[in-house]
Amino acid sequence: MRNWLIILGFTLMPGLSMAQENSVKLDSVKIDHDDKPSLQRGAKLFVNYCLSCHSAAYMRYNRMAKDLDIPKRLVEQYMMFTADKIGGLMKSNMPPEEAKRAFGTVPPDLTLIARSRTPEWIYTYLRSFYRDKTSPSGWNNIVFPQVAMPFILYRLQGVQSAVFDKDKTTGARRFDKFELIQKGTMTPQEYAVAMRDLTNYLAYMAEPAKIVRHHIGRYAMVFLGLLLVLVVLLKHEYWRDVK
Amino acid sequence: MSGLLDWFDARFPLRKVAHEHALSYYSPKNFNAWYYFGSLAILVLFMQIVTGIFLTMHYKPDSQLAFASVEYIMRDVPWGWLIRYLHSTGASLMFVIIYLHMFRSLMYGSFHRPRELLWIIGSIIFVALMAEAFMGYLLPWGNMSYWGAQVIISLFTAIPYVGDALAQWIRGDFVIGDATLNRFFAFHVVLVPMLLLLLVFLHMVALHKVGSNNPEGIEIKLHRDENGIPLDGIPFHPYYTVKDLVGVVLFTFVYLGIVFFVPDMGGWFLEPDNFQVANTFHTPPDIKPLWYFTPFYSILRAVTYPLFGVAAKFWGVLSMGMSIGMIFLLPWLDRSPVRSILYKSPIFTWALGIFVVTFIMLGYLGGKNPSHTDLLFFTNVVWSQIGYFLYFGFFLLMPVYSKLGIVKTVGTRVQSK
């Protein structure tokens with residue numbers, strides 16, 4: 001029995017999740033790759049806003065169409081701004097040299113951003129832009145201070161300003177809350193839902209195989225369960241004469 | 001059928017080998033679950049080779065193409081994601097299995113005379129596996145691949161006089177680059193796997209010469225019946241082949257469970273930083289090796305004092321090398337008259353328990369920032385220094401404490417199946 005506890009300890013050890021070292025508290029977000037309407041809305045936001053400057057250079061339009069149940073005709077008509085063929089990769093609208101001139105840096109490829117940053121980070125980041133007259137773009141972000149990206153979704157969310165207060169013990173400047181100083185086309189609730197959709201889409205895009213892997217995984221576990229019964233019975237049958 | 005076998009037997013020792021290594025190879029009847037890990041290691045080695053062959057069909061060992069080719073495997077190659085996850089998960093699970101396999105030997109004294117050479121070959125396999133894993137980790141050309149390799153290879157610069165030239169020789173360039181990636185690919189897919197197969201073969205030959213130890217540490221060959229068959233032995237086939245099948249299915253639950261549901265294992269098997277392409281200008285905030293190297297990495301970072309006018313880094317590298325070297329010496333460090341922990345004095349049990357806690361603690365600290373305080377009272381570097389002394393204490397004091405205390409009397413026959 002004690003041996004088994006030790007085995008269990010060893011196998012669970014890697015399961016402890018990595019501690020989040022970021023000092024900003026990240027908001028949780030529901031990622032659901034079976035929620036097709038959410039993924040479709042997220043894809044629409046993604047191709048209309050993000051792909052203008054960012055690329056998703058490992059993702060193909062037809063893969064998105066197939067996985068998200070979007071008819072190819074609609075993708076070709078309304079979503080493909082950067083490729084001639086539906087089997088093409090999601091390249092950026094903006095050449096890298098031009099982007100560098102405009103922002104001082106080339107916007108990162110977003111294909112895998114949900115895996116390198118986590119969905120929680122993206123969801124919080126997209127809702128944490130605020131007006132900052134001291135920064136070159138006029139925008140700043142609580143999650144990613146001094147980010148080069150201007151807040152292109154401000155028409156949707158509106159314009160926020162950040163309110164800071166002082167930490168009582170250390171006296172350091174600490175973020176308190178956002179205030180909406182100019183309304184957008186969406187209410188805060190609508191904007192939060194839209195950003196959840198976009199995050200959900202980015203999480204899907206980072207690993208399209210996730211849909212099928214969960215699906216097959218269940219069958220694999222059931223199969224192994226049945227196989228386990230058989231091999232245990234087989235072992236007992238063979239071992240009956242061992243005293 | 002027997003005619004065909006006769007034809008083969010006249011030309012190849014088919015029946016002889018089958019008898020010597022399976023049908024009439026007698027294993028102790030009292031193996032417990034700890035004895036699954038040997039056959040499981042062979043299973044995972046087989047899986048790594050098969051999945052590795054399929055990965056090389058689509059992977060491109062070129063610093064401009066490598067990262068994209070891995071994503072191509074993940075997205076465009078039919079079942080590519082499955083092959084890749086089986087390989088990446090297999091790598092981590094190989095170390096889980098090997099660590100448990102080694103711990104089994106520590107508990108039951110399986111390295112005692114006459115199994116010293118068996119243990120030495122096993123230790124060489126462990127070192128070869130570390131080389132295999134380290135070089136394989138560079139191949140996806142993610143940012144952690146790049147910076148991890150950068151840090152580890154730059155360790156060689158700590159060696160006085162020849163260090164810089166040596167590091168450059170290993171990289172094949174002044175920095176990690178295409179030359180490094182290509183040679184690591186060659187070593188990872190050809191040289192080290194061939195060495196591993198040879199070493200595993202030798203490990204098996206040595207094992208079958210001396211026979212398996214067992215949880216009680218009793219030599220079953222000393223008590224035989226009138227036909228010369230060990231009284232407590234049972235033929236490996238079919239008894240242990242069917243029993244190991246249970247281990248295989250139980251292990252496959254864990255293996256496929258991870259592959260299908262948590263292939264990143266919360267960042268422990270696939271690190272978030274490695275989903276960004278290698279970037280020479282952007283260092284990840286915390287460069288750390290994968291979890292199976294972190295205990296040794298902690299020992300490296302625990303040394304912070306320069307000695308005899310030589311930088312601390314050199315002594316750290318030396319300590320790390322010695323911490324792995326200690327494993328080889330075990331057969332000569334353990335002076336206990338009995339093998340198994342079931343008969344050893346409680347002093348040894350305590351030492352082994354403390355060692356396990358130390359090893360896990362060092363592993364935890366190796367993934368953390370040394371100046372932070374993640375455990376009680378002290379910063380991580382202080383804890384890793386405590387772990388350093390406990391780790392080496394376990395080995396270097398073993399000749400003393402393994403002789404202390406009262407051992408139980410070992411019987412002549414194993415107690416149960």
# chains A, B, ... in the order shown; residues from 1 in each chain; ligands from 1
$ residues_around --residues "Pro289 of chain B" --least-positions-apart "4" --cutoff "12 Å" --atoms "only C-alpha atoms" --output "ChimeraX atom specification"
/B:130,133-135,137-138,144-152,267-271,273-274,284,293-298,363-368
$ interface_residues --of "chain A" --to "chain B" --cutoff "7 Å" --atoms "only C-alpha atoms" --output "JSON, numbers by chain"
{"A": [14, 15, 17, 18, 58, 112, 115, 116, 117, 209, 213, 214, 217, 221, 224, 228, 231, 232, 234, 235, 238, 239, 243]}
$ closest_residue --among "A:Thr111, A:Ser28, A:Gln146, A:Ser55" --to "Met205 of chain A" --atoms "only C-alpha atoms"
A:Thr111
$ select_by_dssp --residues "segment 31-215 of chain A" --states "helix (DSSP H, G or I)" --output "ChimeraX atom specification"
/A:36-48,50-52,61-67,72-79,96-103,113-117,119-125,154-157,188-206,209-215
$ write_last_selection --atoms "C-alpha atoms" --output "compact mmCIF listing (two decimals), in the first residue's frame"
# COMPACT_ATOMS: atom_id res chain seq x y z
CA LYS A 36 -19.32 26.53 -32.73
CA PRO A 37 -21.31 29.83 -32.72
CA SER A 38 -18.75 31.36 -30.33
CA LEU A 39 -15.85 30.12 -32.47
CA GLN A 40 -17.50 31.47 -35.63
CA ARG A 41 -18.01 34.91 -34.07
CA GLY A 42 -14.42 34.82 -32.82
CA ALA A 43 -13.15 33.89 -36.29
CA LYS A 44 -15.06 36.84 -37.77
CA LEU A 45 -13.45 39.25 -35.30
CA PHE A 46 -10.07 37.65 -35.90
CA VAL A 47 -10.00 38.00 -39.70
CA ASN A 48 -11.48 41.50 -39.59
CA CYS A 50 -6.25 40.92 -35.98
CA LEU A 51 -5.23 39.77 -39.46
CA SER A 52 -4.79 43.37 -40.60
CA TYR A 61 -8.49 29.01 -44.23
CA ASN A 62 -10.00 25.70 -45.30
CA ARG A 63 -9.10 24.07 -41.98
CA MET A 64 -10.98 26.84 -40.18
CA ALA A 65 -13.93 26.46 -42.56
CA LYS A 66 -14.10 22.71 -41.98
CA ASP A 67 -13.64 22.73 -38.21
CA LYS A 72 -16.31 27.51 -48.01
CA ARG A 73 -18.20 29.97 -50.21
CA LEU A 74 -18.71 32.33 -47.26
CA VAL A 75 -15.07 32.07 -46.23
CA GLU A 76 -13.93 32.89 -49.76
CA GLN A 77 -16.35 35.78 -50.04
CA TYR A 78 -16.13 37.43 -46.62
CA MET A 79 -13.14 36.16 -44.68
CA PRO A 96 6.70 42.99 -42.06
CA GLU A 97 8.92 45.95 -43.08
CA GLU A 98 5.94 48.25 -43.13
CA ALA A 99 4.73 46.97 -39.75
CA LYS A 100 8.15 47.60 -38.29
CA ARG A 101 8.06 51.17 -39.60
CA ALA A 102 4.60 51.73 -38.17
CA PHE A 103 4.92 50.10 -34.74
CA ILE A 113 -0.39 32.70 -29.02
CA ALA A 114 -2.99 30.93 -26.86
CA ARG A 115 -0.46 28.20 -26.07
CA SER A 116 2.50 30.48 -25.39
CA ARG A 117 0.51 33.10 -23.43
CA PRO A 119 -6.17 32.03 -22.97
CA GLU A 120 -6.58 33.80 -19.61
CA TRP A 121 -3.76 36.16 -20.45
CA ILE A 122 -5.26 36.99 -23.87
CA TYR A 123 -8.76 37.49 -22.48
CA THR A 124 -7.49 39.87 -19.80
CA TYR A 125 -5.08 41.62 -22.16
CA TYR A 154 -11.62 50.86 -29.16
CA ARG A 155 -14.62 51.45 -31.43
CA LEU A 156 -16.18 48.35 -29.92
CA GLN A 157 -15.18 48.74 -26.29
CA PRO A 188 -19.19 46.25 -21.46
CA GLN A 189 -21.08 42.93 -21.28
CA GLU A 190 -21.27 42.60 -25.06
CA TYR A 191 -17.58 43.44 -25.34
CA ALA A 192 -16.65 40.83 -22.72
CA VAL A 193 -18.63 38.19 -24.67
CA ALA A 194 -16.96 39.26 -27.94
CA MET A 195 -13.51 38.97 -26.37
CA ARG A 196 -14.41 35.57 -24.96
CA ASP A 197 -15.36 34.51 -28.51
CA LEU A 198 -12.09 35.85 -29.88
CA THR A 199 -10.08 34.13 -27.13
CA ASN A 200 -11.99 30.93 -27.74
CA TYR A 201 -11.12 31.15 -31.44
CA LEU A 202 -7.43 31.81 -30.67
CA ALA A 203 -7.41 28.81 -28.34
CA TYR A 204 -8.93 26.67 -31.10
CA MET A 205 -6.45 27.98 -33.68
CA ALA A 206 -3.47 27.21 -31.44
CA ALA A 209 -6.39 18.85 -33.30
CA LYS A 210 -7.79 19.34 -29.80
CA ILE A 211 -11.35 18.76 -31.02
CA VAL A 212 -10.56 15.35 -32.47
CA ARG A 213 -8.12 14.37 -29.73
CA HIS A 214 -10.72 14.72 -26.98
CA HIS A 215 -13.19 12.81 -29.09
$ select_by_dssp --residues "segment 50-226 of chain A" --states "strand (DSSP E or B)" --output "PyMOL selection string"
chain A and resi 56-60+89-90+129-131+139-141+158-166+173-183
$ write_last_selection --atoms "N, CA and C atoms" --output "mmCIF file, in the first residue's frame"
data_model
loop_
_atom_site.group_PDB
_atom_site.id
_atom_site.type_symbol
_atom_site.label_atom_id
_atom_site.label_comp_id
_atom_site.auth_asym_id
_atom_site.auth_seq_id
_atom_site.Cartn_x
_atom_site.Cartn_y
_atom_site.Cartn_z
ATOM 1 N N ALA A 56 -1.265 34.557 -39.019
ATOM 2 C CA ALA A 56 -1.466 33.262 -38.356
ATOM 3 C C ALA A 56 -0.921 32.244 -39.344
ATOM 4 N N ALA A 57 0.383 32.308 -39.539
ATOM 5 C CA ALA A 57 1.020 31.718 -40.714
ATOM 6 C C ALA A 57 1.074 30.196 -40.720
ATOM 7 N N TYR A 58 0.583 29.532 -39.647
ATOM 8 C CA TYR A 58 0.554 28.067 -39.671
ATOM 9 C C TYR A 58 -0.867 27.559 -39.860
ATOM 10 N N MET A 59 -1.828 28.492 -39.997
ATOM 11 C CA MET A 59 -3.248 28.123 -40.059
ATOM 12 C C MET A 59 -3.768 28.311 -41.486
ATOM 13 N N ARG A 60 -4.574 27.346 -41.937
ATOM 14 C CA ARG A 60 -5.144 27.441 -43.284
ATOM 15 C C ARG A 60 -6.622 27.801 -43.202
ATOM 16 N N LEU A 89 -2.477 29.895 -46.387
ATOM 17 C CA LEU A 89 -2.204 30.207 -44.985
ATOM 18 C C LEU A 89 -2.691 31.619 -44.659
ATOM 19 N N MET A 90 -2.998 31.833 -43.390
ATOM 20 C CA MET A 90 -3.483 33.142 -42.953
ATOM 21 C C MET A 90 -2.314 34.103 -42.775
ATOM 22 N N PHE A 129 -6.729 47.536 -22.180
ATOM 23 C CA PHE A 129 -6.123 48.706 -22.806
ATOM 24 C C PHE A 129 -6.696 49.981 -22.181
ATOM 25 N N TYR A 130 -5.855 50.985 -22.033
ATOM 26 C CA TYR A 130 -6.349 52.275 -21.531
ATOM 27 C C TYR A 130 -5.595 53.426 -22.195
ATOM 28 N N ARG A 131 -6.217 54.599 -22.159
ATOM 29 C CA ARG A 131 -5.636 55.811 -22.719
ATOM 30 C C ARG A 131 -4.388 56.190 -21.919
ATOM 31 N N TRP A 139 -1.812 54.560 -26.312
ATOM 32 C CA TRP A 139 -2.470 53.496 -25.565
ATOM 33 C C TRP A 139 -1.452 52.773 -24.688
ATOM 34 N N ASN A 140 -1.963 52.186 -23.629
ATOM 35 C CA ASN A 140 -1.110 51.353 -22.783
ATOM 36 C C ASN A 140 -1.951 50.173 -22.308
ATOM 37 N N ASN A 141 -1.306 49.199 -21.689
ATOM 38 C CA ASN A 141 -2.028 48.011 -21.263
ATOM 39 C C ASN A 141 -1.524 47.559 -19.899
ATOM 40 N N GLY A 158 -14.967 51.154 -26.583
ATOM 41 C CA GLY A 158 -14.925 52.518 -26.092
ATOM 42 C C GLY A 158 -13.548 52.790 -25.540
ATOM 43 N N VAL A 159 -13.374 53.935 -24.916
ATOM 44 C CA VAL A 159 -12.054 54.316 -24.411
ATOM 45 C C VAL A 159 -12.058 54.229 -22.892
ATOM 46 N N GLN A 160 -11.057 53.525 -22.351
ATOM 47 C CA GLN A 160 -10.935 53.397 -20.896
ATOM 48 C C GLN A 160 -9.797 54.262 -20.394
ATOM 49 N N SER A 161 -9.924 54.734 -19.172
ATOM 50 C CA SER A 161 -8.743 55.278 -18.508
ATOM 51 C C SER A 161 -8.488 54.412 -17.286
ATOM 52 N N ALA A 162 -7.234 54.353 -16.860
ATOM 53 C CA ALA A 162 -6.877 53.516 -15.714
ATOM 54 C C ALA A 162 -6.745 54.379 -14.476
ATOM 55 N N VAL A 163 -7.302 53.894 -13.373
ATOM 56 C CA VAL A 163 -7.179 54.599 -12.100
ATOM 57 C C VAL A 163 -6.157 53.844 -11.246
ATOM 58 N N PHE A 164 -5.160 54.569 -10.748
ATOM 59 C CA PHE A 164 -4.127 53.943 -9.925
ATOM 60 C C PHE A 164 -4.243 54.446 -8.503
ATOM 61 N N ASP A 165 -3.858 53.643 -7.551
ATOM 62 C CA ASP A 165 -3.724 54.125 -6.170
ATOM 63 C C ASP A 165 -2.383 53.665 -5.628
ATOM 64 N N LYS A 166 -2.123 54.038 -4.370
ATOM 65 C CA LYS A 166 -0.823 53.682 -3.795
ATOM 66 C C LYS A 166 -0.961 52.481 -2.881
ATOM 67 N N ARG A 173 2.997 52.440 -7.011
ATOM 68 C CA ARG A 173 1.804 52.716 -7.793
ATOM 69 C C ARG A 173 1.144 51.390 -8.143
ATOM 70 N N ARG A 174 -0.145 51.314 -7.872
ATOM 71 C CA ARG A 174 -0.833 50.037 -8.066
ATOM 72 C C ARG A 174 -2.114 50.272 -8.846
ATOM 73 N N PHE A 175 -2.390 49.399 -9.806
ATOM 74 C CA PHE A 175 -3.608 49.540 -10.605
ATOM 75 C C PHE A 175 -4.832 49.264 -9.754
ATOM 76 N N ASP A 176 -5.821 50.149 -9.845
ATOM 77 C CA ASP A 176 -7.048 49.952 -9.071
ATOM 78 C C ASP A 176 -8.194 49.499 -9.967
ATOM 79 N N LYS A 177 -8.621 50.365 -10.913
ATOM 80 C CA LYS A 177 -9.745 49.984 -11.782
ATOM 81 C C LYS A 177 -9.743 50.794 -13.073
ATOM 82 N N PHE A 178 -10.601 50.367 -14.000
ATOM 83 C CA PHE A 178 -10.778 51.106 -15.256
ATOM 84 C C PHE A 178 -12.021 51.974 -15.155
ATOM 85 N N GLU A 179 -11.989 53.122 -15.881
ATOM 86 C CA GLU A 179 -13.199 53.933 -16.034
ATOM 87 C C GLU A 179 -13.429 54.158 -17.515
ATOM 88 N N LEU A 180 -14.678 53.976 -17.927
ATOM 89 C CA LEU A 180 -15.017 54.166 -19.333
ATOM 90 C C LEU A 180 -15.204 55.663 -19.566
ATOM 91 N N ILE A 181 -14.323 56.282 -20.356
ATOM 92 C CA ILE A 181 -14.451 57.728 -20.566
ATOM 93 C C ILE A 181 -15.139 58.050 -21.892
ATOM 94 N N GLN A 182 -15.247 57.040 -22.758
ATOM 95 C CA GLN A 182 -15.958 57.267 -24.022
ATOM 96 C C GLN A 182 -16.613 55.953 -24.427
ATOM 97 N N LYS A 183 -17.921 56.010 -24.678
ATOM 98 C CA LYS A 183 -18.649 54.772 -24.966
ATOM 99 C C LYS A 183 -18.286 54.196 -26.326
#
$ atom_distance --atom1 "atom CA of Val44 of chain B" --atom2 "atom CA of Val192 of chain B"
15.4 Å
$ residues_around --residues "Met107 of chain B" --least-positions-apart "5" --cutoff "9 Å" --atoms "only C-alpha atoms" --output "MDAnalysis selection string"
chainID B and resid 102 215 339:342 349 352
$ residues_around --residues "segment 171-187 of chain B" --least-positions-apart "5" --cutoff "10 Å" --atoms "only C-alpha atoms" --output "MDAnalysis selection string"
chainID B and resid 56 60:64 66 131:132 134:141 146:147 149:150 153:154 164:166 192:194 280
$ atom_distance --atom1 "atom CA of Phe31 of chain B" --atom2 "atom CA of Asn214 of chain B"
6.0 Å
$ residues_around --residues "Ser137 of chain A" --least-positions-apart "2" --cutoff "9 Å" --atoms "only C-alpha atoms" --output "MDAnalysis selection string"
chainID A and resid 103 132:135 139:140 147:151
$ write_last_selection --atoms "C-alpha atoms" --output "PDB file, in the first residue's frame"
ATOM      1  CA  PHE A 103       4.917  50.095 -34.740  1.00  0.00           C
ATOM      2  CA  ASP A 132      -2.061  56.862 -21.953  1.00  0.00           C
ATOM      3  CA  LYS A 133      -0.933  60.154 -23.442  1.00  0.00           C
ATOM      4  CA  THR A 134       2.712  59.432 -22.540  1.00  0.00           C
ATOM      5  CA  SER A 135       3.021  56.325 -24.739  1.00  0.00           C
ATOM      6  CA  TRP A 139      -2.470  53.496 -25.565  1.00  0.00           C
ATOM      7  CA  ASN A 140      -1.110  51.353 -22.783  1.00  0.00           C
ATOM      8  CA  VAL A 147       2.862  47.443 -25.467  1.00  0.00           C
ATOM      9  CA  ALA A 148       3.531  48.652 -29.022  1.00  0.00           C
ATOM     10  CA  MET A 149       0.065  47.691 -30.248  1.00  0.00           C
ATOM     11  CA  PRO A 150      -2.475  50.521 -30.577  1.00  0.00           C
ATOM     12  CA  PHE A 151      -5.904  49.518 -29.298  1.00  0.00           C
TER      13      PHE A 151
END
$ atom_distance --atom1 "atom CA of Thr185 of chain A" --atom2 "atom CA of Gly138 of chain A"
20.3 Å
